[in-house]
2 protein chains.
Amino acid sequence: MTETQRGDLRFCLYTCFAPGGPLGTPWNHPGNKGFDYLNLDHQTKLAQALEAARFDAIFWADFSGVHDTYKSSPATAIRDAVAFPLGDPLVLTAALAGATENLGFAFSANMTQQHPYSFARRVATLDHLTRGRVAWNIVTSYQPSAWRNSGFDDMEGHAKRYVRAQEYVDVLRKLLVDSWEDGAVVRDIDRGIYADPARVHPIAHDGEFYRVPGIGLTEPSPQRMPVTFQAGSSNDGREFSARNAEAMFIGTNSPQDAQTLISDMTGRLSANGRSREDIVFLQYMAVHVVSTEEEAKRKHEELDEQAGSEAAIAFASSTMGTDLSQIDLDKPLAEHNTDSMQGILKGFAESAEDKSWTFRDMVRKIGSDRIVGTPEHIADELQKWSDAGVDGININTQDVENTYTFLEHAVPVLQQRGLMQREYRNGTLRDKLFRR
Amino acid sequence: MTETQRGDLRFCLYTCFAPGGPLGTPWNHPGNKGFDYLNLDHQTKLAQALEAARFDAIFWADFSGVHDTYKSSPATAIRDAVAFPLGDPLVLTAALAGATENLGFAFSANMTQQHPYSFARRVATLDHLTRGRVAWNIVTSYQPSAWRNSGFDDMEGHAKRYVRAQEYVDVLRKLLVDSWEDGAVVRDIDRGIYADPARVHPIAHDGEFYRVPGIGLTEPSPQRMPVTFQAGSSNDGREFSARNAEAMFIGTNSPQDAQTLISDMTGRLSANGRSREDIVFLQYMAVHVVSTEEEAKRKHEELDEQAGSEAAIAFASSTMGTDLSQIDLDKPLAEHNTDSMQGILKGFAESAEDKSWTFRDMVRKIGSDRIVGTPEHIADELQKWSDAGVDGININTQDVENTYTFLEHAVPVLQQRGLMQREYRNGTLRDKLFRR
């Protein structure tokens with residue numbers, strides 16, 4: 001079917017529909033200079049370049065609120081453009097449909113944004129117009145501002161959010177898969193029958209969070225359900241993935257840790273009547289292409305500085321749900337009274353390997369999973385993840401110039417090594433992703 | 001600025017993102033044969049043809065539910081594809097953004113579909129990616145199934161729907177216009193300031209239906225608010241238009257009636273501190289291009305038959321909110337006991353000019369506003385509407401083949417007569433539509 005060997009990795013580009021493009025690098029980084037996220041020509045050029053390089057998909061992280069935990073204010077997020085302002089990645093997906101043929105689109109969307117009934121129509125339309133190339137990263141928003149602005153009194157707790165997400169997915173599946181039988185669309189021109197009413201069924205969903213009595217508004221799309229992504233690594237998140245995800249986005253610290261997680265997930269999949277083959281594991285990885293040791297050293301220094309910046313602290317405050325401005329970030333952990341700290345912060349402090357570290361060092365470490373090197377070095381490193389059983393990489397090239405450098409210099413080497421496909425498979429994104 | 005004279009009419013193509021394309025003609029009409037509504041290539045070709053002909057916009061009617069009032073069942077809507085199944089016109093708008101430069105996109109969307117907070121982000125993204133070419137037709141859905149499937153216990157009453165719509169528009173305006181001051185986006189690369197927090201404000205909206213404390217997620221788009229369309233002609237609808245609409249979609253029965261409505265609206269606009277120049281009136285009109293008298297006669301017969309078909313009866317049942325299958329459609333009105341009928345049906349019967357008519361004749365009359373003739377005849381007729389003060393036509397060409405015939409044969413005549421623009425104005429859709 002294709003020349004590529006089975007052992008190749010899937011490649012997604014991890015990015016965000018926000019100033020500067022990829023997440024984690026300042027919007028005003030020199031490498032982002034030529035890129036305007038709201039300019040469709042720029043986005044189209046990028047998508048076409050990814051397709052020419054045979055990337056599997058572009059992946060958009062997304063948020064429905066503002067990262068305003070830090071200093072209890074959105075000021076840092078607004079000033080430093082911390083994943084903000086944010087365009088809607090569903091809209092961008094549609095805008096890129098006609099300019100591409102094989103690239104997949106994995107957009108994040110959480111349940112606060114809209115009712116599953118109208119979301120079902122939206123994703124089905126996207127799946128039709130892209131001819132089956134969409135994936136949905138199922139997000140349970142952790143931003144209180146996203147919930148409060150969307151008509152909820154307040155953010156729901158972690159466990160309850162997953163219960164809600166499960167029902168949301170169930171409703172979507174009923175509308176997109178169950179409501180219309182295969183063959184319900186007849187298109188009998190002579191008899192004037194478009195669809196057979198006997199094969200279109202009301203879903204009669206009546207749950208804890210949603211009630212949808214009627215039928216799905218859209219006819220079956222190429223994939224029916226979008227390919228489902230999920231990223232949560234907590235116990236709830238893993239259980240949710242074991243039940244629902246076809247792609248799990250993981251952020252382990254080493255190939256060994258990935259192996260452990262995959263092994264854990266294999267058990268959970270089995271407990272849910274699924275198997276290892278029903279899911280792909282995509283490891284997060286920041287990757288920078290450089291030519292020399294000296295260049296690598298400078299790049300690491302630059303990235304370390306970014307990873308400890310106020311923008312990074314504001315982002316970490318939001319993801320941790322605790323305001324890091326309330327503590328001295330540059331005092332060694334040993335000098336903090338961690339016993340008096342709250343749960344998350346305390347756990348964060350206790351996870352430090354070295355008590356001479358500061359909180360800023362700790363935040364910096366969050367963003368330190370990266371490969372910086374020549375194309376050959378990058379290939380060597382990614383080979384280790386492949387050997388550990390990881391199916392693909394959700395790659396963060398962090399600035400747009402580096403993205404193009406990666407496509408030009410690293411991709412040919414990865415393809416030569418058999419680590420990356422040279423041609424797309426036929427079929428839908430699901431067919432392609434599972435190498436059918 | 002352009003050669004076109006000020007007196008030209010605006011032209012929108014009235015259609016629907018459903019099988020067969022334009023609304024009101026069977027999906028299996030021979031003229032719809034070559035068109036697959038879910039094929040983006042077909043939609044792109046149509047949009048580009050409209051742009052080449054200098055149409056102002058494409059207008060999508062839309063529904064969030066199924067027309068299931070007739071026989072208390074969705075069966076007719078499913079079988080005959082009565083504005084069903086339905087793609088999402090917002091998604092199609094985005095998909096056509098990159099393939100066009102000047103064409104406007106007027107999509108319908110009602111308040112049941114999503115919370116105004118996430119809708120604001122969606123329309124702002126569309127406005128950015130199209131460089132300011134979107135319009136929103138504000139719809140207060142009259143379909144009980146749309147409400148019940150979207151998390152509401154039941155459809156709200158007519159008056160309450162307009163109150164909700166007003167608040168929905170208010171929230172949207174606060175997020176898209178008030179939240180971000182002009183100049184809030186600084187993009188100061190050297191100082192690393194993307195936006196000035198002092199100029200981005202929480203909207204603190206706390207109303208009857210919605211509570212949105214925070215700031216808008218998107219930076220200001222070219223138009224900020226999409227151009228607002230509104231179609232309701234009831235007293236509530238007119239008041240709503242007088243307050244909010246920049247384009248009012250009207251369906252009067254004659255140029256004289258249009259003049260009366262425009263005069264009424266001018267008073268209402270004035271009472272709301274607005275003027276006649278702040279709004280454009282777009283008259284609905286079905287138009288068919290034919291070459292001979294004989295052809296015109298045949299076309300009228302065909303259209304009369306369609307207008308009295310079961311699909312048309314099912315659609316009318318839904319718009320009237322009353323099940324027309326419960327009465328004998330082919331018995332003269334004089335023989336019905338109209339006194340015992342319910343409000344809407346009774347009013348409908350009493351509006352008949354001739355008691356020898358049947359209910360089917362009455363439904364047929366709903367769909368009878370049309371021009372069938374040569375390009376010259378079409379121009380003569382449209383001139384009358386222009387003379388009556390109408391600003392434009394929301395034209396329903398009803399089948400795709402006729403759409404292309406209209407573009408090829410009628411448009412040149414209309415342009416020659418100065419009834420249609422030969423070139424687009426510069427600027428956003430708002431600039432273009434108001435001929436600035």
# chains A, B, ... in the order shown; residues from 1 in each chain; ligands from 1
>>> select_by_dssp(residues="range 278-350 of chain A", states="alpha helix (DSSP H)", output="count of residues only")
34
>>> residues_around(residues="range 130-139 of chain B", least_positions_apart="2", cutoff="9 Å", atoms="only C-alpha atoms", output="compact mmCIF listing (two decimals) with N, CA, C and O atoms, in the first residue's frame")
# COMPACT_ATOMS: atom_id res chain seq x y z
N ASN A 39 -3.96 35.90 9.96
CA ASN A 39 -3.85 36.00 8.50
C ASN A 39 -4.00 34.60 7.90
O ASN A 39 -3.13 33.74 8.07
N LEU A 40 -5.09 34.39 7.20
CA LEU A 40 -5.38 33.06 6.68
C LEU A 40 -4.31 32.59 5.69
O LEU A 40 -4.03 31.39 5.60
N ALA B 57 -23.47 39.21 -1.37
CA ALA B 57 -23.32 38.18 -0.34
C ALA B 57 -24.09 36.93 -0.69
O ALA B 57 -24.98 36.94 -1.54
N PHE B 59 -26.49 34.28 1.31
CA PHE B 59 -27.30 34.29 2.54
C PHE B 59 -27.80 32.89 2.81
O PHE B 59 -28.48 32.30 1.97
N TRP B 60 -27.46 32.36 4.00
CA TRP B 60 -27.94 31.03 4.34
C TRP B 60 -29.08 31.09 5.35
O TRP B 60 -28.87 31.48 6.50
N ALA B 61 -30.27 30.69 4.91
CA ALA B 61 -31.32 30.41 5.88
C ALA B 61 -30.84 29.21 6.70
O ALA B 61 -29.99 28.44 6.23
N ASP B 62 -31.34 29.06 7.90
CA ASP B 62 -30.87 27.94 8.71
C ASP B 62 -31.90 27.58 9.77
O ASP B 62 -32.72 28.41 10.16
N PHE B 63 -31.83 26.35 10.20
CA PHE B 63 -32.72 25.85 11.24
C PHE B 63 -31.89 24.97 12.17
O PHE B 63 -30.93 24.34 11.75
N THR B 93 -19.06 29.02 5.88
CA THR B 93 -18.51 30.37 5.73
C THR B 93 -16.99 30.34 5.85
O THR B 93 -16.27 30.88 5.00
N ALA B 94 -16.51 29.70 6.90
CA ALA B 94 -15.06 29.62 7.11
C ALA B 94 -14.39 28.89 5.95
O ALA B 94 -13.32 29.28 5.48
N LEU B 96 -15.15 28.81 2.94
CA LEU B 96 -15.13 29.59 1.69
C LEU B 96 -14.29 30.86 1.80
O LEU B 96 -14.09 31.57 0.82
N ALA B 97 -13.77 31.13 3.00
CA ALA B 97 -13.05 32.38 3.25
C ALA B 97 -11.85 32.55 2.32
O ALA B 97 -11.66 33.59 1.69
N GLY B 98 -11.03 31.52 2.23
CA GLY B 98 -9.79 31.63 1.48
C GLY B 98 -9.97 31.60 -0.03
O GLY B 98 -9.07 32.00 -0.77
N THR B 100 -12.29 33.24 -1.71
CA THR B 100 -12.97 34.45 -2.17
C THR B 100 -12.28 35.67 -1.56
O THR B 100 -11.54 35.54 -0.58
N GLU B 101 -12.57 36.84 -2.15
CA GLU B 101 -11.94 38.06 -1.62
C GLU B 101 -12.94 39.13 -1.22
O GLU B 101 -12.67 39.95 -0.35
N ASN B 102 -14.05 39.19 -1.92
CA ASN B 102 -15.00 40.29 -1.73
C ASN B 102 -16.41 39.86 -1.34
O ASN B 102 -17.17 40.67 -0.82
N LEU B 103 -16.75 38.64 -1.63
CA LEU B 103 -18.10 38.17 -1.36
C LEU B 103 -18.39 38.18 0.15
O LEU B 103 -17.55 37.77 0.95
N GLY B 104 -19.57 38.66 0.50
CA GLY B 104 -19.98 38.62 1.89
C GLY B 104 -20.65 37.29 2.23
O GLY B 104 -21.12 36.58 1.34
N PHE B 105 -20.67 36.95 3.53
CA PHE B 105 -21.29 35.71 3.99
C PHE B 105 -22.28 36.04 5.10
O PHE B 105 -21.87 36.44 6.19
N ALA B 106 -23.55 35.87 4.80
CA ALA B 106 -24.59 36.15 5.79
C ALA B 106 -25.19 34.83 6.26
O ALA B 106 -25.96 34.21 5.53
N PHE B 107 -24.80 34.40 7.43
CA PHE B 107 -25.30 33.13 7.96
C PHE B 107 -26.34 33.39 9.04
O PHE B 107 -26.25 34.35 9.79
N SER B 108 -27.32 32.51 9.08
CA SER B 108 -28.31 32.57 10.15
C SER B 108 -27.81 31.77 11.34
O SER B 108 -27.16 30.74 11.17
N ALA B 109 -28.09 32.24 12.52
CA ALA B 109 -27.77 31.47 13.74
C ALA B 109 -28.70 31.94 14.83
O ALA B 109 -28.91 33.15 15.00
N ASN B 110 -29.27 31.00 15.55
CA ASN B 110 -30.18 31.39 16.62
C ASN B 110 -29.55 31.16 18.00
O ASN B 110 -28.49 30.54 18.12
N MET B 111 -30.23 31.67 19.00
CA MET B 111 -29.66 31.69 20.35
C MET B 111 -29.68 30.33 21.03
O MET B 111 -29.06 30.18 22.08
N VAL B 123 -17.73 34.18 15.80
CA VAL B 123 -17.98 35.17 14.75
C VAL B 123 -16.79 36.12 14.60
O VAL B 123 -16.48 36.55 13.49
N THR B 125 -13.68 35.27 14.99
CA THR B 125 -12.69 34.50 14.22
C THR B 125 -13.06 34.51 12.74
O THR B 125 -12.20 34.71 11.86
N LEU B 126 -14.35 34.32 12.46
CA LEU B 126 -14.82 34.37 11.07
C LEU B 126 -14.55 35.75 10.46
O LEU B 126 -14.13 35.86 9.31
N ASP B 127 -14.79 36.79 11.24
CA ASP B 127 -14.58 38.14 10.72
C ASP B 127 -13.10 38.40 10.45
O ASP B 127 -12.74 39.04 9.46
N HIS B 128 -12.24 37.87 11.32
CA HIS B 128 -10.79 38.01 11.09
C HIS B 128 -10.38 37.26 9.81
O HIS B 128 -9.71 37.82 8.94
N SER B 141 -35.46 31.03 16.85
CA SER B 141 -36.03 29.80 16.29
C SER B 141 -37.49 29.57 16.68
O SER B 141 -37.86 29.69 17.84
N TYR B 142 -38.31 29.22 15.69
CA TYR B 142 -39.72 28.91 15.94
C TYR B 142 -39.96 27.39 15.95
O TYR B 142 -41.09 26.92 15.92
N ALA B 165 -33.34 37.45 22.55
CA ALA B 165 -32.48 37.82 21.42
C ALA B 165 -31.81 39.17 21.67
O ALA B 165 -30.63 39.36 21.35
N VAL B 169 -27.80 39.79 21.75
CA VAL B 169 -27.11 40.80 20.93
C VAL B 169 -26.32 41.76 21.82
O VAL B 169 -25.18 42.12 21.51
N SER B 221 -11.84 42.53 15.54
CA SER B 221 -11.80 42.10 14.14
C SER B 221 -12.16 43.29 13.26
O SER B 221 -12.59 44.33 13.74
N PRO B 222 -11.95 43.15 11.94
CA PRO B 222 -12.18 44.29 11.05
C PRO B 222 -13.53 44.99 11.24
O PRO B 222 -13.60 46.20 11.25
N GLN B 223 -14.60 44.20 11.42
CA GLN B 223 -15.92 44.81 11.58
C GLN B 223 -16.37 44.88 13.03
O GLN B 223 -17.44 45.41 13.32
N ARG B 224 -15.57 44.29 13.94
CA ARG B 224 -16.03 44.14 15.32
C ARG B 224 -17.33 43.33 15.34
O ARG B 224 -17.29 42.13 15.37
N MET B 225 -18.49 44.00 15.29
CA MET B 225 -19.75 43.26 15.17
C MET B 225 -19.93 42.84 13.73
O MET B 225 -19.65 43.61 12.81
N PRO B 226 -20.41 41.60 13.49
CA PRO B 226 -20.80 41.26 12.12
C PRO B 226 -21.95 42.18 11.71
O PRO B 226 -22.66 42.70 12.56
N VAL B 227 -22.13 42.37 10.40
CA VAL B 227 -23.31 43.09 9.92
C VAL B 227 -24.52 42.30 10.40
O VAL B 227 -24.58 41.08 10.25
N THR B 228 -25.51 43.00 10.98
CA THR B 228 -26.66 42.30 11.55
C THR B 228 -27.84 42.31 10.59
O THR B 228 -28.29 43.35 10.14
N PHE B 229 -28.32 41.11 10.29
CA PHE B 229 -29.53 40.91 9.48
C PHE B 229 -30.66 40.52 10.42
O PHE B 229 -30.44 39.90 11.46
N GLN B 230 -31.89 40.84 10.01
CA GLN B 230 -33.06 40.39 10.75
C GLN B 230 -34.23 40.29 9.78
O GLN B 230 -34.33 41.08 8.85
N ALA B 231 -35.08 39.30 9.99
CA ALA B 231 -36.13 39.03 9.01
C ALA B 231 -37.54 39.10 9.57
O ALA B 231 -38.49 39.10 8.80
N GLY B 232 -37.71 39.16 10.86
CA GLY B 232 -39.06 39.11 11.44
C GLY B 232 -39.88 40.33 11.06
O GLY B 232 -39.40 41.46 11.11
N ALA B 245 -30.96 45.93 13.59
CA ALA B 245 -30.60 45.42 12.26
C ALA B 245 -29.94 46.47 11.39
O ALA B 245 -30.32 47.64 11.40
N ALA B 247 -29.43 45.24 8.16
CA ALA B 247 -30.09 44.78 6.94
C ALA B 247 -31.36 44.08 7.37
O ALA B 247 -31.33 43.20 8.23
N GLY B 427 -13.05 47.88 1.30
CA GLY B 427 -13.41 47.81 2.71
C GLY B 427 -14.14 46.55 3.11
O GLY B 427 -14.16 45.55 2.40
N THR B 428 -14.75 46.63 4.29
CA THR B 428 -15.45 45.49 4.86
C THR B 428 -16.81 45.30 4.19
O THR B 428 -17.24 46.14 3.41
N LEU B 429 -17.48 44.22 4.54
CA LEU B 429 -18.83 43.99 4.03
C LEU B 429 -19.74 45.16 4.39
O LEU B 429 -20.56 45.59 3.59
N ARG B 430 -19.57 45.70 5.60
CA ARG B 430 -20.40 46.84 6.01
C ARG B 430 -20.15 48.03 5.09
O ARG B 430 -21.11 48.67 4.63
>>> closest_residue(among="B:Val91, B:Ile193, B:Leu46, B:Leu9", to="Met420 in chain B", atoms="only C-alpha atoms")
B:Leu9
>>> residues_around(residues="Asp330 in chain B", least_positions_apart="6", cutoff="7 Å", atoms="only C-alpha atoms", output="PyMOL selection string")
chain B and resi 358-360
>>> atom_distance(atom1="CA of His288 in chain B", atom2="CA of Val372 in chain B")
4.7 Å
>>> residues_around(residues="Lys299 in chain A", least_positions_apart="6", cutoff="12 Å", atoms="only C-alpha atoms", output="list in words")
Val287, His288, Val289, Val290, Ser291, Thr292, Glu293, Glu305, Gln306, Ser368, Arg370, Ile371, Val372, Gly373, Gln398 and Asn402 of chain A
>>> write_last_selection(atoms="N, CA, C and O atoms", output="PDB file, in the first residue's frame")
ATOM      1  N   VAL A 287      10.967  20.468  20.138  1.00  0.00           N
ATOM      2  CA  VAL A 287      12.128  20.109  19.317  1.00  0.00           C
ATOM      3  C   VAL A 287      12.693  21.352  18.636  1.00  0.00           C
ATOM      4  O   VAL A 287      11.939  22.126  18.028  1.00  0.00           O
ATOM      5  N   HIS A 288      13.984  21.516  18.765  1.00  0.00           N
ATOM      6  CA  HIS A 288      14.651  22.641  18.107  1.00  0.00           C
ATOM      7  C   HIS A 288      15.813  22.147  17.267  1.00  0.00           C
ATOM      8  O   HIS A 288      16.653  21.389  17.748  1.00  0.00           O
ATOM      9  N   VAL A 289      15.857  22.608  16.027  1.00  0.00           N
ATOM     10  CA  VAL A 289      16.920  22.213  15.112  1.00  0.00           C
ATOM     11  C   VAL A 289      18.058  23.229  15.187  1.00  0.00           C
ATOM     12  O   VAL A 289      17.840  24.423  14.968  1.00  0.00           O
ATOM     13  N   VAL A 290      19.244  22.747  15.536  1.00  0.00           N
ATOM     14  CA  VAL A 290      20.437  23.609  15.529  1.00  0.00           C
ATOM     15  C   VAL A 290      21.565  22.852  14.821  1.00  0.00           C
ATOM     16  O   VAL A 290      21.456  21.637  14.584  1.00  0.00           O
ATOM     17  N   SER A 291      22.633  23.584  14.506  1.00  0.00           N
ATOM     18  CA  SER A 291      23.699  22.967  13.713  1.00  0.00           C
ATOM     19  C   SER A 291      24.940  22.625  14.530  1.00  0.00           C
ATOM     20  O   SER A 291      25.678  21.712  14.188  1.00  0.00           O
ATOM     21  N   THR A 292      25.167  23.390  15.608  1.00  0.00           N
ATOM     22  CA  THR A 292      26.415  23.210  16.347  1.00  0.00           C
ATOM     23  C   THR A 292      26.154  23.091  17.840  1.00  0.00           C
ATOM     24  O   THR A 292      25.070  23.440  18.334  1.00  0.00           O
ATOM     25  N   GLU A 293      27.175  22.623  18.563  1.00  0.00           N
ATOM     26  CA  GLU A 293      27.109  22.543  20.019  1.00  0.00           C
ATOM     27  C   GLU A 293      26.889  23.912  20.645  1.00  0.00           C
ATOM     28  O   GLU A 293      26.114  24.066  21.579  1.00  0.00           O
ATOM     29  N   GLU A 305      15.353  30.499  29.985  1.00  0.00           N
ATOM     30  CA  GLU A 305      14.900  31.830  30.390  1.00  0.00           C
ATOM     31  C   GLU A 305      13.388  31.979  30.127  1.00  0.00           C
ATOM     32  O   GLU A 305      12.635  32.445  30.979  1.00  0.00           O
ATOM     33  N   GLN A 306      12.957  31.556  28.952  1.00  0.00           N
ATOM     34  CA  GLN A 306      11.529  31.610  28.622  1.00  0.00           C
ATOM     35  C   GLN A 306      10.703  30.788  29.613  1.00  0.00           C
ATOM     36  O   GLN A 306       9.629  31.198  30.042  1.00  0.00           O
ATOM     37  N   SER A 368      10.809  21.844  30.317  1.00  0.00           N
ATOM     38  CA  SER A 368      12.177  21.501  29.908  1.00  0.00           C
ATOM     39  C   SER A 368      12.283  20.251  29.042  1.00  0.00           C
ATOM     40  O   SER A 368      13.361  19.910  28.591  1.00  0.00           O
ATOM     41  N   ARG A 370      12.604  18.615  26.090  1.00  0.00           N
ATOM     42  CA  ARG A 370      12.900  19.119  24.752  1.00  0.00           C
ATOM     43  C   ARG A 370      14.098  18.400  24.150  1.00  0.00           C
ATOM     44  O   ARG A 370      14.924  17.824  24.862  1.00  0.00           O
ATOM     45  N   ILE A 371      14.145  18.436  22.841  1.00  0.00           N
ATOM     46  CA  ILE A 371      15.309  17.955  22.117  1.00  0.00           C
ATOM     47  C   ILE A 371      15.868  19.145  21.357  1.00  0.00           C
ATOM     48  O   ILE A 371      15.135  19.798  20.607  1.00  0.00           O
ATOM     49  N   VAL A 372      17.132  19.424  21.581  1.00  0.00           N
ATOM     50  CA  VAL A 372      17.797  20.500  20.841  1.00  0.00           C
ATOM     51  C   VAL A 372      19.012  19.882  20.174  1.00  0.00           C
ATOM     52  O   VAL A 372      19.883  19.334  20.853  1.00  0.00           O
ATOM     53  N   GLY A 373      19.058  19.912  18.860  1.00  0.00           N
ATOM     54  CA  GLY A 373      20.216  19.313  18.204  1.00  0.00           C
ATOM     55  C   GLY A 373      20.100  19.281  16.696  1.00  0.00           C
ATOM     56  O   GLY A 373      19.169  19.850  16.112  1.00  0.00           O
ATOM     57  N   GLN A 398       7.665  25.414  18.699  1.00  0.00           N
ATOM     58  CA  GLN A 398       7.684  26.632  19.524  1.00  0.00           C
ATOM     59  C   GLN A 398       7.765  27.972  18.799  1.00  0.00           C
ATOM     60  O   GLN A 398       7.186  28.931  19.251  1.00  0.00           O
ATOM     61  N   ASN A 402      11.411  28.040  13.380  1.00  0.00           N
ATOM     62  CA  ASN A 402      11.906  26.699  13.712  1.00  0.00           C
ATOM     63  C   ASN A 402      11.017  25.598  13.131  1.00  0.00           C
ATOM     64  O   ASN A 402      11.497  24.526  12.781  1.00  0.00           O
TER      65      ASN A 402
END
>>> select_by_dssp(residues="range 177-390 of chain A", states="strand (DSSP E)", output="ChimeraX atom specification")
/A:185-188,193-195,205-206,211-212,227-230,247-250,280-289,370-373
